[in-house]
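Peer 1: Below are the structure tokens for one structure; questions will follow.
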Amino acid sequence: MTSSSNTGPDDVFVLGFDTAMDACQAAIVSRSGAIVAKAHEPMKRGHAEYLIPMIGGVLEAAGLELKDLTRIGVTVGPGTFAGLRVGLSAARSFGLSHDIPIVGVTTLEAVAVTLPEPEAGQPLRAGVIAFDARNDEVYLQVVDPLGTLVVAPSVVDLATAADAVPEGLVNLSGSGAPKLADALGARSRAADVNVVDESLWAPQAEWIARLALVAPDDRVGPPSPLYLRPPDAKEPENGGALPHA
């Protein structure tokens, strides 16, 4: 658990938490986006037992109660079915019981926002987030060098993902980054690709909170899961074409 004293009597506080992947984590940020308190526990299962005590712990570390929160951000997927249910159920419960606005944040956008900015004088890079979806598939999101979404969250095979990566320099992140980097290397594009540090491959609770903090009002509401691969998935009628923004 980490905490800091960035609180004030009239400040804005946003809680962000994530149970969608291989961790249970929660963080509170203030109006400036500074971390007030944070907790993170790696785990593949057992999120239901950890989440509520963890949220209680970060609230205590911040000297806050649920009623003091301005918003809550929660990951909506893609991720594990069981983990998503835990987080979404908790968010809905808090929102209803304390009248707190809820913002759903995709795991892909939570990672995309941590992509490195170019240094002064360096060219812009497209941003590609790829999570390993097994069976040589990835959950994919692509933004162009100006930050415009060009491929909306999708689940595709590696060849299709490589086809979707824009020409030119690329920042690549996510648990599927090594596989997609190899696929791009096979197309003689290895020199284009910067695979970011592994510590940035998964969502971070403070960024979930920060995204919720700045989200427009039309994104506030009861969060729904983003299931890119339903349990009984069928072949898409569009033949697997990627959805574009």
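Letters A, B, ... go to the chains of the structure tokens in the order shown; residues in each chain start at 1; ligands are counted from 1 in the same order.
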Based on DSSP run over this structure's backbone, return all residues of region 33-208 of chain A in helix (DSSP H, G or I), as number ranges by chain.

Peer 2: A: 47-62, 66-68, 81-98, 107-112, 158-164, 177-185, 190-192, 198-200, 205-208

Peer 1: Name all residues at most 9 Å from Ala159 (chain A) (count only C-alpha atoms; drop same-chain ones fewer than 3 positions away) and give them as a PDB file with all heavy atoms, in the first residue's frame.

Peer 2:
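Result file is around_34.pdb:
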```pdb
ATOM      1  N   GLU A 137      -4.123 -15.381 -31.167  1.00  0.00           N
ATOM      2  CA  GLU A 137      -4.968 -14.210 -31.343  1.00  0.00           C
ATOM      3  C   GLU A 137      -4.593 -13.158 -30.307  1.00  0.00           C
ATOM      4  O   GLU A 137      -3.989 -13.459 -29.272  1.00  0.00           O
ATOM      5  CB  GLU A 137      -6.450 -14.572 -31.201  1.00  0.00           C
ATOM      6  CG  GLU A 137      -6.972 -15.451 -32.324  1.00  0.00           C
ATOM      7  CD  GLU A 137      -8.464 -15.722 -32.204  1.00  0.00           C
ATOM      8  OE1 GLU A 137      -8.957 -15.843 -31.057  1.00  0.00           O
ATOM      9  OE2 GLU A 137      -9.130 -15.826 -33.246  1.00  0.00           O
ATOM     10  N   VAL A 156      -8.488 -10.508 -32.878  1.00  0.00           N
ATOM     11  CA  VAL A 156      -8.106 -10.912 -34.229  1.00  0.00           C
ATOM     12  C   VAL A 156      -6.886 -11.828 -34.158  1.00  0.00           C
ATOM     13  O   VAL A 156      -6.182 -11.877 -33.148  1.00  0.00           O
ATOM     14  CB  VAL A 156      -7.763  -9.686 -35.108  1.00  0.00           C
ATOM     15  CG1 VAL A 156      -8.985  -8.815 -35.329  1.00  0.00           C
ATOM     16  CG2 VAL A 156      -6.639  -8.869 -34.483  1.00  0.00           C
ATOM     17  N   ALA A 162      -1.176  -7.728 -37.554  1.00  0.00           N
ATOM     18  CA  ALA A 162      -0.007  -7.153 -38.222  1.00  0.00           C
ATOM     19  C   ALA A 162      -0.429  -6.306 -39.414  1.00  0.00           C
ATOM     20  O   ALA A 162       0.146  -5.245 -39.679  1.00  0.00           O
ATOM     21  CB  ALA A 162       0.939  -8.265 -38.646  1.00  0.00           C
ATOM     22  N   ASP A 163      -1.456  -6.763 -40.144  1.00  0.00           N
ATOM     23  CA  ASP A 163      -1.974  -5.981 -41.270  1.00  0.00           C
ATOM     24  C   ASP A 163      -2.508  -4.626 -40.818  1.00  0.00           C
ATOM     25  O   ASP A 163      -2.469  -3.652 -41.565  1.00  0.00           O
ATOM     26  CB  ASP A 163      -3.110  -6.742 -41.968  1.00  0.00           C
ATOM     27  CG  ASP A 163      -2.618  -7.921 -42.800  1.00  0.00           C
ATOM     28  OD1 ASP A 163      -1.421  -7.953 -43.134  1.00  0.00           O
ATOM     29  OD2 ASP A 163      -3.447  -8.813 -43.085  1.00  0.00           O
ATOM     30  N   ALA A 164      -3.034  -4.583 -39.576  1.00  0.00           N
ATOM     31  CA  ALA A 164      -3.680  -3.365 -39.089  1.00  0.00           C
ATOM     32  C   ALA A 164      -2.706  -2.333 -38.549  1.00  0.00           C
ATOM     33  O   ALA A 164      -3.084  -1.179 -38.341  1.00  0.00           O
ATOM     34  CB  ALA A 164      -4.681  -3.734 -37.989  1.00  0.00           C
ATOM     35  N   LEU A 180       3.214 -10.080 -31.479  1.00  0.00           N
ATOM     36  CA  LEU A 180       2.928  -9.181 -32.592  1.00  0.00           C
ATOM     37  C   LEU A 180       4.210  -8.572 -33.130  1.00  0.00           C
ATOM     38  O   LEU A 180       4.352  -8.375 -34.355  1.00  0.00           O
ATOM     39  CB  LEU A 180       1.954  -8.085 -32.141  1.00  0.00           C
ATOM     40  CG  LEU A 180       1.477  -7.118 -33.222  1.00  0.00           C
ATOM     41  CD1 LEU A 180       0.953  -7.846 -34.455  1.00  0.00           C
ATOM     42  CD2 LEU A 180       0.404  -6.173 -32.662  1.00  0.00           C
ATOM     43  N   ALA A 183       5.601 -11.035 -35.453  1.00  0.00           N
ATOM     44  CA  ALA A 183       4.850 -11.053 -36.715  1.00  0.00           C
ATOM     45  C   ALA A 183       5.245  -9.878 -37.590  1.00  0.00           C
ATOM     46  O   ALA A 183       5.370 -10.004 -38.817  1.00  0.00           O
ATOM     47  CB  ALA A 183       3.351 -11.035 -36.430  1.00  0.00           C
ATOM     48  N   LEU A 184       5.477  -8.715 -36.981  1.00  0.00           N
ATOM     49  CA  LEU A 184       5.916  -7.555 -37.746  1.00  0.00           C
ATOM     50  C   LEU A 184       7.354  -7.722 -38.216  1.00  0.00           C
ATOM     51  O   LEU A 184       7.715  -7.307 -39.323  1.00  0.00           O
ATOM     52  CB  LEU A 184       5.780  -6.290 -36.902  1.00  0.00           C
ATOM     53  CG  LEU A 184       4.336  -5.861 -36.614  1.00  0.00           C
ATOM     54  CD1 LEU A 184       4.292  -4.799 -35.519  1.00  0.00           C
ATOM     55  CD2 LEU A 184       3.676  -5.332 -37.883  1.00  0.00           C
TER      56      LEU A 184
END
```

Peer 1: Given only C-alpha atoms, how would the per-residue table for region 177-230 of chain A near region 89-96 of chain A read, listing every residue at most 12 Å away with its closest atom pair and distance in Å to one decimal, sorted by chain and number, as JSON lines?

Peer 2:
```
{"residue": "A:Val220", "atom": "CA", "partner": "A:Gly95", "partner_atom": "CA", "distance": 10.8}
{"residue": "A:Gly221", "atom": "CA", "partner": "A:Gly95", "partner_atom": "CA", "distance": 9.1}
{"residue": "A:Pro222", "atom": "CA", "partner": "A:Arg92", "partner_atom": "CA", "distance": 6.4}
{"residue": "A:Pro223", "atom": "CA", "partner": "A:Arg92", "partner_atom": "CA", "distance": 7.5}
{"residue": "A:Ser224", "atom": "CA", "partner": "A:Arg92", "partner_atom": "CA", "distance": 9.8}
{"residue": "A:Pro225", "atom": "CA", "partner": "A:Ser89", "partner_atom": "CA", "distance": 10.4}
```

Peer 1: Name the residues in contact with region 18-30 of chain A at a cut-off of 6 Å, using only C-alpha atoms, excluding same-chain residues fewer than 2 positions from it; report them as number ranges by chain.

Peer 2: A: 12-16, 32-44, 47, 74-75, 79-80, 83-84, 87, 205-206

Peer 1: What's around Gly168 (chain A) at 12 Å? Count only C-alpha atoms, leave out sequence neighbours fewer than 3 positions away in its own chain, and write the answer as a list in words.

Peer 2: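 Answer for this query is Pro123, Leu124, Arg125, Ala126, Gly127, Asp144, Pro145, Val165, Asn171, Leu184, Ser188, Arg189, Ala190, Ala191, Asp192, Val193 and Asn194 of chain A.
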
Peer 1: Would you save the residues from that selection as a PDB file, in the first residue's frame, using C-alpha atoms?

Peer 2:
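This is the output file result.pdb:
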```
ATOM      1  CA  PRO A 123       9.033  11.615 -34.679  1.00  0.00           C
ATOM      2  CA  LEU A 124       5.569  10.635 -33.489  1.00  0.00           C
ATOM      3  CA  ARG A 125       4.729   6.930 -33.322  1.00  0.00           C
ATOM      4  CA  ALA A 126       1.486   5.065 -33.814  1.00  0.00           C
ATOM      5  CA  GLY A 127       0.263   3.318 -30.679  1.00  0.00           C
ATOM      6  CA  ASP A 144      -2.396   6.678 -35.397  1.00  0.00           C
ATOM      7  CA  PRO A 145       0.607   8.947 -34.613  1.00  0.00           C
ATOM      8  CA  VAL A 165      -0.472  -1.795 -37.764  1.00  0.00           C
ATOM      9  CA  ASN A 171       4.998   1.911 -29.951  1.00  0.00           C
ATOM     10  CA  LEU A 184       5.916  -7.555 -37.746  1.00  0.00           C
ATOM     11  CA  SER A 188      10.748  -6.770 -42.279  1.00  0.00           C
ATOM     12  CA  ARG A 189       9.329  -4.168 -39.899  1.00  0.00           C
ATOM     13  CA  ALA A 190      11.395  -4.978 -36.816  1.00  0.00           C
ATOM     14  CA  ALA A 191      13.225  -1.640 -37.021  1.00  0.00           C
ATOM     15  CA  ASP A 192       9.886   0.239 -36.863  1.00  0.00           C
ATOM     16  CA  VAL A 193       8.745  -1.308 -33.608  1.00  0.00           C
ATOM     17  CA  ASN A 194       9.466  -0.138 -30.090  1.00  0.00           C
TER      18      ASN A 194
END
```

Peer 1: Please provide the set of residues having any atom within 9 Å of Lys67 (chain A), restricted to only C-alpha atoms, with same-chain residues fewer than 2 positions apart removed, written as a PyMOL selection string.

Peer 2: chain A and resi 64-65+69-70+98-100

Peer 1: Mind the document's chain letters and residue numbers, and return as a list of chain:residue names the residues of region 8-93 of chain A that DSSP labels strand (DSSP E).

Peer 2: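 Of region 8-93 of chain A, only A:Phe13, A:Val14, A:Leu15, A:Gly16, A:Phe17, A:Asp18, A:Ala23, A:Cys24, A:Gln25, A:Ala26, A:Ala27, A:Ile28, A:Val29, A:Ser30, A:Ile35, A:Val36, A:Ala37, A:Lys38, A:Ala39, A:His40, A:Glu41, A:Pro42, A:Arg71, A:Ile72, A:Gly73, A:Val74, A:Thr75 fall in strand (DSSP E).
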
Peer 1: Between A:Gln141, A:Ser199, A:Gln122, A:Gln204, which has the minimum distance to Ser154 (chain A) (counting only C-alpha atoms)?

Peer 2: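 Of the candidates, the smallest distance to Ser154 (chain A) is held by A:Gln141.
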
Peer 1: Can you measure CA of Thr114 (chain A) to CA of Pro178 (chain A) for me? One decimal in Å is fine.

Peer 2: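 Pair CA of Thr114 (chain A) / CA of Pro178 (chain A) returns 17.6 Å.
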
Peer 1: Name the residues in contact with Gly56 (chain A) at a cut-off of 9 Å, using only C-alpha atoms, excluding same-chain residues fewer than 4 positions from it; report them as a list in words.

Peer 2: Leu51, Ile52, Glu60, Ala61, Glu65 and Leu66 of chain A

Peer 1: Restricting the output to N, CA and C atoms, write the selected residues as an mmCIF file, in the first residue's frame.

Peer 2:
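The resulting out36.cif:
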```
data_model
loop_
_atom_site.group_PDB
_atom_site.id
_atom_site.type_symbol
_atom_site.label_atom_id
_atom_site.label_comp_id
_atom_site.auth_asym_id
_atom_site.auth_seq_id
_atom_site.Cartn_x
_atom_site.Cartn_y
_atom_site.Cartn_z
ATOM 1 N N LEU A 51 -10.866 -7.636 -3.325
ATOM 2 C CA LEU A 51 -11.179 -6.294 -3.812
ATOM 3 C C LEU A 51 -11.761 -5.377 -2.737
ATOM 4 N N ILE A 52 -12.815 -5.802 -2.062
ATOM 5 C CA ILE A 52 -13.476 -4.906 -1.106
ATOM 6 C C ILE A 52 -12.541 -4.520 0.035
ATOM 7 N N GLU A 60 -8.884 4.162 3.612
ATOM 8 C CA GLU A 60 -8.336 4.465 4.938
ATOM 9 C C GLU A 60 -7.002 5.190 4.822
ATOM 10 N N ALA A 61 -6.140 4.705 3.906
ATOM 11 C CA ALA A 61 -4.837 5.351 3.725
ATOM 12 C C ALA A 61 -4.991 6.789 3.256
ATOM 13 N N GLU A 65 -13.799 8.407 2.903
ATOM 14 C CA GLU A 65 -14.874 7.429 2.894
ATOM 15 C C GLU A 65 -15.480 7.410 1.495
ATOM 16 N N LEU A 66 -16.269 6.387 1.221
ATOM 17 C CA LEU A 66 -16.879 6.293 -0.102
ATOM 18 C C LEU A 66 -17.656 7.566 -0.447
#
```

Peer 1: Quick one: of A:Ala202, A:Val155, A:Ala120, A:Leu172, who's nearest to Tyr139 (chain A), counting only C-alpha atoms?

Peer 2: A:Val155
